[in-house]
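Structure file structure.tsv with TSV, C-alpha atoms and all ligand atoms:
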chain	number	residue	atom	x	y	z
A	23	MET	CA	17.16	34.12	-56.93
A	24	THR	CA	19.20	35.70	-59.73
A	25	SER	CA	20.17	39.32	-59.06
A	26	ASN	CA	18.99	40.79	-62.35
A	27	CYS	CA	15.64	42.03	-63.65
A	28	SER	CA	16.66	41.19	-67.19
A	29	THR	CA	18.89	38.55	-68.69
A	30	ASP	CA	20.59	41.29	-70.71
A	31	LYS	CA	24.01	41.85	-69.11
A	32	LYS	CA	26.10	42.53	-72.16
A	33	ASN	CA	25.75	46.33	-72.12
A	34	GLU	CA	27.21	46.89	-68.64
A	35	ASN	CA	30.23	48.94	-69.70
A	36	LEU	CA	28.49	51.25	-72.12
A	37	ASP	CA	27.37	54.76	-71.26
A	38	LEU	CA	23.84	54.73	-69.92
A	39	LYS	CA	22.10	56.33	-72.86
A	40	THR	CA	23.70	53.80	-75.23
A	41	HIS	CA	22.81	50.99	-72.83
A	42	TRP	CA	19.11	51.90	-72.95
A	43	GLU	CA	19.05	52.58	-76.70
A	44	LEU	CA	20.48	49.07	-77.29
A	45	VAL	CA	18.04	47.46	-74.88
A	46	TYR	CA	15.08	48.86	-76.82
A	47	LEU	CA	16.69	48.23	-80.22
A	48	ASN	CA	17.54	44.61	-79.47
A	49	LYS	CA	14.50	43.29	-77.63
A	50	PRO	CA	10.80	43.11	-78.41
A	51	ASN	CA	8.67	44.78	-75.75
A	52	GLU	CA	7.18	41.47	-74.57
A	53	GLN	CA	10.65	40.13	-73.67
A	54	LEU	CA	11.77	43.06	-71.52
A	55	GLY	CA	12.28	42.15	-67.87
A	56	TRP	CA	9.75	44.83	-66.83
A	57	TYR	CA	7.03	44.22	-69.47
A	58	GLU	CA	3.59	44.32	-67.88
A	59	THR	CA	0.29	42.80	-68.92
A	60	ASP	CA	-1.33	43.25	-65.51
A	61	LEU	CA	-1.38	46.92	-64.51
A	62	THR	CA	-3.56	46.36	-61.43
A	63	PRO	CA	-1.21	47.85	-58.79
A	64	THR	CA	-0.64	51.10	-60.69
A	65	LEU	CA	-4.30	51.41	-61.69
A	66	LYS	CA	-5.35	50.91	-58.07
A	67	LEU	CA	-3.21	53.89	-57.01
A	68	LEU	CA	-4.32	55.98	-59.99
A	69	GLU	CA	-7.95	55.42	-59.02
A	70	LYS	CA	-7.21	56.67	-55.50
A	71	THR	CA	-6.06	60.04	-56.89
A	72	GLN	CA	-9.53	60.70	-58.35
A	73	LEU	CA	-7.82	62.95	-60.89
A	74	PRO	CA	-10.05	64.22	-63.72
A	75	LYS	CA	-9.45	63.04	-67.29
A	76	SER	CA	-7.97	66.46	-68.06
A	77	ALA	CA	-5.11	65.87	-65.56
A	78	SER	CA	-1.57	66.24	-66.86
A	79	ILE	CA	0.30	62.98	-66.30
A	80	LEU	CA	4.06	62.70	-66.63
A	81	ASN	CA	5.28	59.13	-67.11
A	82	ILE	CA	8.92	59.08	-66.02
A	83	GLY	CA	11.26	56.69	-67.87
A	84	ALA	CA	8.21	55.48	-69.74
A	85	GLY	CA	10.12	53.24	-72.14
A	86	ASN	CA	7.53	51.37	-74.20
A	87	THR	CA	5.17	50.97	-71.26
A	88	THR	CA	1.71	49.44	-71.53
A	89	PHE	CA	0.55	51.78	-68.75
A	90	ILE	CA	-0.04	54.55	-71.27
A	91	ASP	CA	-2.36	52.24	-73.24
A	92	GLU	CA	-4.42	52.00	-70.05
A	93	LEU	CA	-4.42	55.78	-69.53
A	94	LEU	CA	-5.73	56.26	-73.07
A	95	LYS	CA	-8.43	53.62	-72.51
A	96	LEU	CA	-9.45	55.58	-69.41
A	97	LYS	CA	-9.69	58.73	-71.62
A	98	TYR	CA	-6.83	60.68	-70.06
A	99	HIS	CA	-5.67	63.06	-72.76
A	100	GLN	CA	-2.77	65.12	-71.40
A	101	ILE	CA	-0.07	62.47	-71.17
A	102	ILE	CA	3.66	63.11	-71.38
A	103	ALA	CA	6.10	60.24	-71.83
A	104	THR	CA	9.75	60.93	-71.11
A	105	ASP	CA	12.76	58.65	-71.37
A	106	ILE	CA	16.52	58.75	-71.97
A	107	SER	CA	16.00	56.39	-74.94
A	108	GLU	CA	14.74	57.91	-78.15
A	109	THR	CA	14.32	54.38	-79.54
A	110	ALA	CA	11.92	53.51	-76.73
A	111	LEU	CA	9.82	56.63	-77.24
A	112	THR	CA	9.76	56.15	-81.02
A	113	LYS	CA	8.47	52.59	-80.51
A	114	LEU	CA	5.90	53.82	-77.99
A	115	ASN	CA	4.74	56.59	-80.33
A	116	ARG	CA	4.41	54.17	-83.27
A	117	ARG	CA	2.45	51.71	-81.17
A	118	LEU	CA	0.08	54.23	-79.58
A	119	ASN	CA	-0.31	56.62	-82.50
A	120	SER	CA	-2.25	59.04	-80.28
A	121	LYS	CA	-2.54	62.83	-80.32
A	122	ASP	CA	-3.04	62.67	-76.54
A	123	VAL	CA	0.57	61.75	-75.80
A	124	THR	CA	3.65	63.96	-76.13
A	125	TYR	CA	7.21	62.68	-75.99
A	126	ILE	CA	10.31	64.18	-74.39
A	127	THR	CA	13.71	62.54	-74.74
A	128	ASP	CA	15.78	63.67	-71.75
A	129	ASP	CA	18.14	62.36	-69.08
A	130	LEU	CA	16.63	62.62	-65.59
A	131	THR	CA	20.09	62.91	-64.07
A	132	LYS	CA	20.93	65.89	-66.32
A	133	PRO	CA	17.58	67.28	-67.41
A	134	THR	CA	17.64	70.01	-70.05
A	135	LYS	CA	14.12	69.79	-71.55
A	136	LEU	CA	12.09	68.61	-68.55
A	137	ILE	CA	13.08	71.69	-66.56
A	138	ASN	CA	10.97	73.76	-68.98
A	139	LEU	CA	7.87	71.60	-68.55
A	140	SER	CA	4.74	73.22	-67.02
A	141	PRO	CA	3.67	71.85	-63.61
A	142	ILE	CA	1.86	68.51	-63.74
A	143	ASP	CA	-0.87	66.73	-61.72
A	144	LEU	CA	0.70	63.28	-61.56
A	145	TRP	CA	4.29	62.06	-61.65
A	146	ILE	CA	4.49	58.33	-62.20
A	147	ASP	CA	7.69	56.32	-62.13
A	148	ARG	CA	7.89	52.53	-62.28
A	149	ALA	CA	11.41	51.07	-62.12
A	150	VAL	CA	13.40	54.19	-63.00
A	151	LEU	CA	14.39	56.00	-59.78
A	152	HIS	CA	16.04	52.80	-58.51
A	153	PHE	CA	18.77	53.14	-61.17
A	154	PHE	CA	19.98	56.38	-59.55
A	155	THR	CA	22.51	55.13	-57.04
A	156	THR	CA	24.45	58.32	-56.22
A	157	ASN	CA	23.24	61.18	-53.99
A	158	LYS	CA	23.81	63.60	-56.86
A	159	GLN	CA	21.55	61.65	-59.24
A	160	GLN	CA	18.87	61.23	-56.56
A	161	ASN	CA	19.01	64.92	-55.58
A	162	THR	CA	18.63	66.00	-59.22
A	163	TYR	CA	15.67	63.62	-59.62
A	164	PHE	CA	13.85	64.83	-56.49
A	165	GLU	CA	14.57	68.51	-57.22
A	166	LEU	CA	12.97	68.09	-60.63
A	167	LEU	CA	10.01	66.24	-59.13
A	168	LYS	CA	9.46	68.92	-56.48
A	169	SER	CA	9.64	71.69	-59.07
A	170	LYS	CA	7.09	69.99	-61.36
A	171	VAL	CA	4.36	68.42	-59.20
A	172	LYS	CA	1.53	70.89	-58.49
A	173	LYS	CA	0.22	71.48	-54.97
A	174	GLN	CA	-2.56	68.87	-54.47
A	175	GLY	CA	-0.83	66.84	-57.20
A	176	PHE	CA	0.24	63.20	-56.84
A	177	VAL	CA	3.34	61.02	-57.12
A	178	ILE	CA	3.30	57.27	-57.80
A	179	LEU	CA	6.66	55.57	-57.22
A	180	ALA	CA	7.08	51.83	-57.82
A	181	GLN	CA	10.64	50.60	-57.26
A	182	PHE	CA	12.46	47.42	-56.22
A	183	ASN	CA	11.79	46.94	-52.51
A	184	LEU	CA	14.30	46.09	-49.78
A	185	GLN	CA	13.95	42.37	-50.54
A	186	GLY	CA	14.22	43.04	-54.28
A	187	ALA	CA	16.93	42.23	-56.80
A	188	GLU	CA	20.25	44.09	-56.61
A	189	LYS	CA	20.42	44.68	-60.36
A	190	CYS	CA	18.00	45.56	-63.11
A	191	SER	CA	18.91	45.37	-66.81
A	192	GLY	CA	22.46	44.53	-65.68
A	193	LEU	CA	22.76	47.80	-63.74
A	194	PRO	CA	23.04	48.20	-59.94
A	195	VAL	CA	19.97	49.58	-58.17
A	196	LYS	CA	19.11	51.38	-54.94
A	197	ARG	CA	16.23	49.59	-53.24
A	198	TYR	CA	13.47	51.39	-51.31
A	199	ASP	CA	10.63	51.07	-48.84
A	200	ALA	CA	7.88	53.61	-48.22
A	201	LYS	CA	9.83	55.25	-45.37
A	202	LEU	CA	12.91	55.86	-47.53
A	203	LEU	CA	10.79	57.33	-50.31
A	204	LYS	CA	8.95	59.56	-47.81
A	205	GLU	CA	12.31	60.83	-46.51
A	206	LYS	CA	13.38	61.73	-50.04
A	207	LEU	CA	10.11	63.57	-50.77
A	208	GLY	CA	10.05	65.50	-47.50
A	209	SER	CA	7.23	67.04	-45.48
A	210	ASP	CA	5.43	68.61	-48.47
A	211	PHE	CA	4.30	65.12	-49.53
A	212	LYS	CA	1.87	62.92	-47.60
A	213	LEU	CA	1.93	59.14	-47.99
A	214	ILE	CA	-1.56	58.07	-49.06
A	215	ASP	CA	-0.99	54.36	-49.73
A	216	SER	CA	1.80	51.81	-50.06
A	217	PHE	CA	2.07	48.07	-50.56
A	218	ASP	CA	4.56	45.43	-51.61
A	219	TYR	CA	3.88	43.69	-54.91
A	220	ASN	CA	5.50	40.67	-56.55
A	221	TYR	CA	5.87	41.40	-60.24
A	222	ILE	CA	6.31	38.28	-62.38
A	223	MET	CA	8.76	38.81	-65.22
A	224	PRO	CA	8.17	37.33	-68.72
A	225	SER	CA	10.78	34.70	-67.69
A	226	GLY	CA	8.55	33.67	-64.77
A	227	ASN	CA	10.93	35.05	-62.11
A	228	LYS	CA	9.55	37.19	-59.26
A	229	ARG	CA	10.61	40.79	-58.68
A	230	PRO	CA	9.38	42.33	-55.42
A	231	TYR	CA	8.41	46.01	-55.71
A	232	ILE	CA	7.24	48.68	-53.28
A	233	TYR	CA	4.31	50.71	-54.65
A	234	THR	CA	3.60	54.12	-53.12
A	235	LEU	CA	1.16	56.97	-53.66
A	236	PHE	CA	1.97	60.42	-52.26
A	237	LYS	CA	-0.05	63.66	-52.36
A	238	ARG	CA	1.57	67.06	-52.37
A	239	VAL	CA	0.05	68.98	-49.48
A	240	ASN	CA	2.30	72.08	-49.50
A	301	LIG	C1	13.19	49.13	-66.16
A	301	LIG	S1	12.72	50.24	-67.42
A	301	LIG	C2	11.07	50.69	-66.94
A	301	LIG	C3	10.26	51.27	-68.08
A	301	LIG	C4	8.83	51.67	-67.73
A	301	LIG	N1	8.79	52.61	-66.64
A	301	LIG	C5	7.99	50.47	-67.40
A	301	LIG	O1	7.58	50.30	-66.26
A	301	LIG	O2	7.72	49.69	-68.32
A	301	LIG	C6	13.65	51.70	-66.99
A	301	LIG	C7	13.43	52.84	-67.94
A	301	LIG	O3	14.11	53.99	-67.44
A	301	LIG	C8	14.74	54.66	-68.53
A	301	LIG	N2	15.87	55.42	-67.96
A	301	LIG	C9	16.98	54.91	-67.38
A	301	LIG	N3	17.82	55.88	-66.99
A	301	LIG	C10	17.21	57.05	-67.33
A	301	LIG	C11	17.59	58.41	-67.19
A	301	LIG	N4	18.76	58.77	-66.64
A	301	LIG	N5	16.74	59.35	-67.64
A	301	LIG	C12	15.55	59.00	-68.21
A	301	LIG	N6	15.14	57.72	-68.38
A	301	LIG	C13	15.97	56.75	-67.94
A	301	LIG	C14	15.15	53.54	-69.47
A	301	LIG	O4	15.38	53.95	-70.78
A	301	LIG	C15	13.94	52.59	-69.34
A	301	LIG	O5	12.95	52.88	-70.28
Once more with this new file: its structure as structure tokens, please.
Amino acid sequence: MTSNCSTDKKNENLDLKTHWELVYLNKPNEQLGWYETDLTPTLKLLEKTQLPKSASILNIGAGNTTFIDELLKLKYHQIIATDISETALTKLNRRLNSKDVTYITDDLTKPTKLINLSPIDLWIDRAVLHFFTTNKQQNTYFELLKSKVKKQGFVILAQFNLQGAEKCSGLPVKRYDAKLLKEKLGSDFKLIDSFDYNYIMPSGNKRPYIYTLFKRVN
């Protein structure tokens, strides 16, 4: 198995914002190593939340994700997409052209705009947390999460699992299982569901993920 979730290795030495801007500038959505046409695992966890259509949903590191298309089809109308890449969010905005989505360009490891966001009902992150390999980055991420998810709110985290690739988009990743994610979230969050899932990249390669759903109980 190759150790990358994308064939794009040429940006390795650039600063991270530039790396992600170039990824989205240089590749059509359908060729990204995380492009999804089958949203079944995420939709299964979303359904378990039983959140009303008025729920505020924060899609972390949304990129140009097709998940928001599904949220709009389901009639959710308070959707926030955030990403470090302005290019990604501009592409997403152009594609969706919806008044039900707002866009925030910010760096999760140094948030300046997200800290002012009102509390939300659902935090959803597919393939973003795993890029944060230092304790400092992870602590900043989980502090933000804990300050933004409402009591009785939900968290969906889908990351490379312990058998997963060691790199994604040419960058090293920290791999997780449900226990490690539970430890990071702490006792205020209850694990509702988790499963392993083999995502098939556009190239046909497999990428094993851990999918988890947590509920904030305190
Ligand atoms: C592998 S892609 C996943 C995109 C999307 N979640 C999906 O499933 O299609 C990782 C995303 O995280 C974003 N990202 C990486 N580092 C970030 C950071 N420090 N702050 C915010 N977003 C970041 C990238 O721009 C990219 O869109």
Straight-line distance linking atom C8 of ligand LIG 301 (chain A) with atom CA of Lys95 of chain A, stated in Å to one decimal: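 Atom CA of Lys95 of chain A lies at a distance of 23.5 Å from atom C8 of ligand LIG 301 (chain A).
For the pair atom CA of Lys132 of chain A and atom CA of Leu151 of chain A, the interatomic distance is 13.5 Å.
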Separation of atom CA of Ile232 of chain A from atom CA of Thr71 of chain A in Å: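 Atom-to-atom, atom CA of Thr71 of chain A and atom CA of Ile232 of chain A are spaced 17.9 Å apart.
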Given 8 Å and all atoms listed in the file, residues near ligand LIG 301 (chain A) as an MDAnalysis selection string: chainID A and resid 27 38:39 42:43 46 55:58 81:89 104:107 110 127:133 147:151 153:154 190:191
Using all atoms listed in the file: which of A:Ile79, A:Ala200, A:Ile178, A:Met223 has the shortest distance to Lys66 of chain A: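 Nearest candidate to Lys66 of chain A out of A:Ile79, A:Ala200, A:Ile178, A:Met223: A:Ile178.
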Selected residue, from A:Leu47, A:Ile214, A:Leu179, A:Val123, that lies nearest to Ala103 of chain A when counting all atoms listed in the file: A:Val123
Pick from A:Leu114, A:Val45, A:Leu96, A:Val171 nearest to Glu69 of chain A, counting only C-alpha atoms: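 Looking at the shortest contact to Glu69 of chain A, the residue is A:Leu96.
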Given all atoms listed in the file as the counted atoms, nearest of A:Leu67, A:Leu203, A:Leu193, A:Leu144 to Phe176 of chain A: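 Answer, going by the shortest atom-to-atom distance: A:Leu144.
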Point (7.0, 70.3, -44.1) neighbourhood (9 Å, all atoms listed in the file) written as a PyMOL selection string: chain A and resi 208-211+239-240
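The neighbours of Ile142 of chain A here are the residues that come within 8 Å of it, using only C-alpha atoms and leaving out any residue fewer than 4 positions away in the same chain; they are Ala77, Ser78, Ile79, Leu80, Lys170, Val171, Lys172 and Gly175 of chain A.
Residue nearest Asp218 of chain A, chosen from A:Gln100, A:Gln53, A:Thr64, A:Thr155 and counting all atoms listed in the file: A:Thr64.
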Nearest to Lys189 of chain A, chosen from A:Leu111, A:His41, A:His152, A:Lys121, with only C-alpha atoms counted in the distances: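 Among the listed residues, the smallest separation from Lys189 of chain A belongs to A:His152.
Look at Tyr233 of chain A: the protein and nucleic acid residues within 6 Å of it, using all atoms listed in the file and passing over chain neighbours fewer than 4 places away, are A:Leu179, A:Ala180, A:Ser216, A:Phe217.
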Segment 110-158 of chain A dumped to file, N, CA and C atoms, as a short mmCIF file (atom, residue, chain, number, x, y, z; two decimals), in the first residue's frame:
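So part_21.cif came out as:
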data_model
loop_
_atom_site.label_atom_id
_atom_site.label_comp_id
_atom_site.auth_asym_id
_atom_site.auth_seq_id
_atom_site.Cartn_x
_atom_site.Cartn_y
_atom_site.Cartn_z
N ALA A 110 -10.66 26.75 -1.73
CA ALA A 110 -11.61 25.65 -1.56
C ALA A 110 -13.00 26.20 -1.27
N LEU A 111 -13.08 27.16 -0.35
CA LEU A 111 -14.40 27.67 0.04
C LEU A 111 -15.04 28.47 -1.09
N THR A 112 -14.22 29.15 -1.89
CA THR A 112 -14.77 29.88 -3.04
C THR A 112 -15.36 28.89 -4.04
N LYS A 113 -14.65 27.78 -4.28
CA LYS A 113 -15.16 26.76 -5.20
C LYS A 113 -16.46 26.14 -4.66
N LEU A 114 -16.45 25.89 -3.35
CA LEU A 114 -17.65 25.29 -2.72
C LEU A 114 -18.84 26.23 -2.85
N ASN A 115 -18.59 27.50 -2.55
CA ASN A 115 -19.65 28.52 -2.62
C ASN A 115 -20.20 28.61 -4.04
N ARG A 116 -19.31 28.65 -5.02
CA ARG A 116 -19.75 28.75 -6.43
C ARG A 116 -20.59 27.54 -6.82
N ARG A 117 -20.16 26.39 -6.35
CA ARG A 117 -20.86 25.15 -6.73
C ARG A 117 -22.23 25.06 -6.07
N LEU A 118 -22.29 25.43 -4.76
CA LEU A 118 -23.54 25.26 -4.03
C LEU A 118 -24.52 26.40 -4.28
N ASN A 119 -23.97 27.63 -4.33
CA ASN A 119 -24.79 28.81 -4.56
C ASN A 119 -26.05 28.80 -3.68
N SER A 120 -25.83 28.67 -2.37
CA SER A 120 -26.96 28.53 -1.44
C SER A 120 -26.89 29.57 -0.33
N LYS A 121 -28.03 30.14 -0.01
CA LYS A 121 -28.10 31.12 1.10
C LYS A 121 -28.03 30.40 2.45
N ASP A 122 -28.11 29.09 2.45
CA ASP A 122 -28.13 28.33 3.70
C ASP A 122 -26.74 27.94 4.20
N VAL A 123 -25.72 28.39 3.48
CA VAL A 123 -24.34 28.05 3.88
C VAL A 123 -23.55 29.34 4.08
N THR A 124 -22.83 29.42 5.21
CA THR A 124 -21.89 30.55 5.38
C THR A 124 -20.46 29.99 5.41
N TYR A 125 -19.52 30.85 5.10
CA TYR A 125 -18.14 30.41 4.87
C TYR A 125 -17.19 31.19 5.78
N ILE A 126 -16.29 30.46 6.43
CA ILE A 126 -15.30 31.11 7.30
C ILE A 126 -13.92 30.57 6.95
N THR A 127 -13.06 31.44 6.43
CA THR A 127 -11.68 31.01 6.18
C THR A 127 -10.90 31.23 7.46
N ASP A 128 -10.36 30.15 8.03
CA ASP A 128 -9.60 30.27 9.28
C ASP A 128 -8.70 29.04 9.42
N ASP A 129 -7.66 29.20 10.25
CA ASP A 129 -6.72 28.11 10.51
C ASP A 129 -7.08 27.50 11.86
N LEU A 130 -7.44 26.23 11.87
CA LEU A 130 -7.86 25.57 13.11
C LEU A 130 -6.74 25.50 14.15
N THR A 131 -5.51 25.62 13.71
CA THR A 131 -4.41 25.56 14.67
C THR A 131 -4.08 26.95 15.24
N LYS A 132 -4.68 27.99 14.64
CA LYS A 132 -4.51 29.37 15.13
C LYS A 132 -5.81 30.13 14.86
N PRO A 133 -6.92 29.68 15.43
CA PRO A 133 -8.19 30.27 15.03
C PRO A 133 -8.34 31.72 15.49
N THR A 134 -8.79 32.57 14.61
CA THR A 134 -9.04 33.97 14.99
C THR A 134 -10.50 34.34 14.76
N LYS A 135 -11.15 33.69 13.77
CA LYS A 135 -12.56 34.00 13.48
C LYS A 135 -13.48 32.97 14.16
N LEU A 136 -13.06 31.71 14.15
CA LEU A 136 -13.93 30.66 14.70
C LEU A 136 -14.17 30.85 16.19
N ILE A 137 -13.25 31.51 16.88
CA ILE A 137 -13.44 31.69 18.32
C ILE A 137 -14.65 32.60 18.61
N ASN A 138 -15.06 33.37 17.62
CA ASN A 138 -16.22 34.26 17.82
C ASN A 138 -17.55 33.64 17.38
N LEU A 139 -17.48 32.41 16.92
CA LEU A 139 -18.69 31.73 16.42
C LEU A 139 -19.62 31.38 17.59
N SER A 140 -20.95 31.50 17.38
CA SER A 140 -21.92 31.07 18.40
C SER A 140 -21.88 29.55 18.52
N PRO A 141 -22.27 29.02 19.70
CA PRO A 141 -22.26 27.56 19.87
C PRO A 141 -23.10 26.83 18.81
N ILE A 142 -22.68 25.63 18.48
CA ILE A 142 -23.29 24.89 17.37
C ILE A 142 -23.81 23.53 17.86
N ASP A 143 -24.69 22.92 17.05
CA ASP A 143 -25.30 21.63 17.41
C ASP A 143 -24.49 20.44 16.93
N LEU A 144 -23.77 20.63 15.83
CA LEU A 144 -22.99 19.50 15.29
C LEU A 144 -21.66 20.00 14.73
N TRP A 145 -20.61 19.34 15.18
CA TRP A 145 -19.25 19.57 14.67
C TRP A 145 -18.92 18.35 13.83
N ILE A 146 -18.63 18.55 12.56
CA ILE A 146 -18.28 17.39 11.74
C ILE A 146 -16.95 17.60 11.03
N ASP A 147 -16.08 16.62 11.20
CA ASP A 147 -14.72 16.71 10.65
C ASP A 147 -14.38 15.37 10.00
N ARG A 148 -14.22 15.41 8.68
CA ARG A 148 -13.69 14.22 7.97
C ARG A 148 -12.32 14.59 7.43
N ALA A 149 -11.30 13.86 7.92
CA ALA A 149 -9.94 13.93 7.36
C ALA A 149 -9.28 15.30 7.55
N VAL A 150 -9.49 15.91 8.72
CA VAL A 150 -8.81 17.18 9.00
C VAL A 150 -7.98 17.07 10.29
N LEU A 151 -8.62 16.65 11.38
CA LEU A 151 -7.90 16.49 12.65
C LEU A 151 -6.61 15.68 12.46
N HIS A 152 -6.64 14.68 11.60
CA HIS A 152 -5.45 13.79 11.52
C HIS A 152 -4.20 14.52 11.01
N PHE A 153 -4.36 15.72 10.44
CA PHE A 153 -3.17 16.49 10.02
C PHE A 153 -2.46 17.16 11.20
N PHE A 154 -3.13 17.21 12.35
CA PHE A 154 -2.55 17.93 13.49
C PHE A 154 -1.72 16.95 14.32
N THR A 155 -0.42 17.00 14.11
CA THR A 155 0.46 15.97 14.66
C THR A 155 1.13 16.39 15.96
N THR A 156 1.07 17.68 16.32
CA THR A 156 1.71 18.09 17.58
C THR A 156 0.64 18.24 18.66
N ASN A 157 1.08 18.11 19.93
CA ASN A 157 0.14 18.29 21.06
C ASN A 157 -0.48 19.67 21.03
N LYS A 158 0.33 20.67 20.68
CA LYS A 158 -0.17 22.05 20.67
C LYS A 158 -1.32 22.19 19.66
#
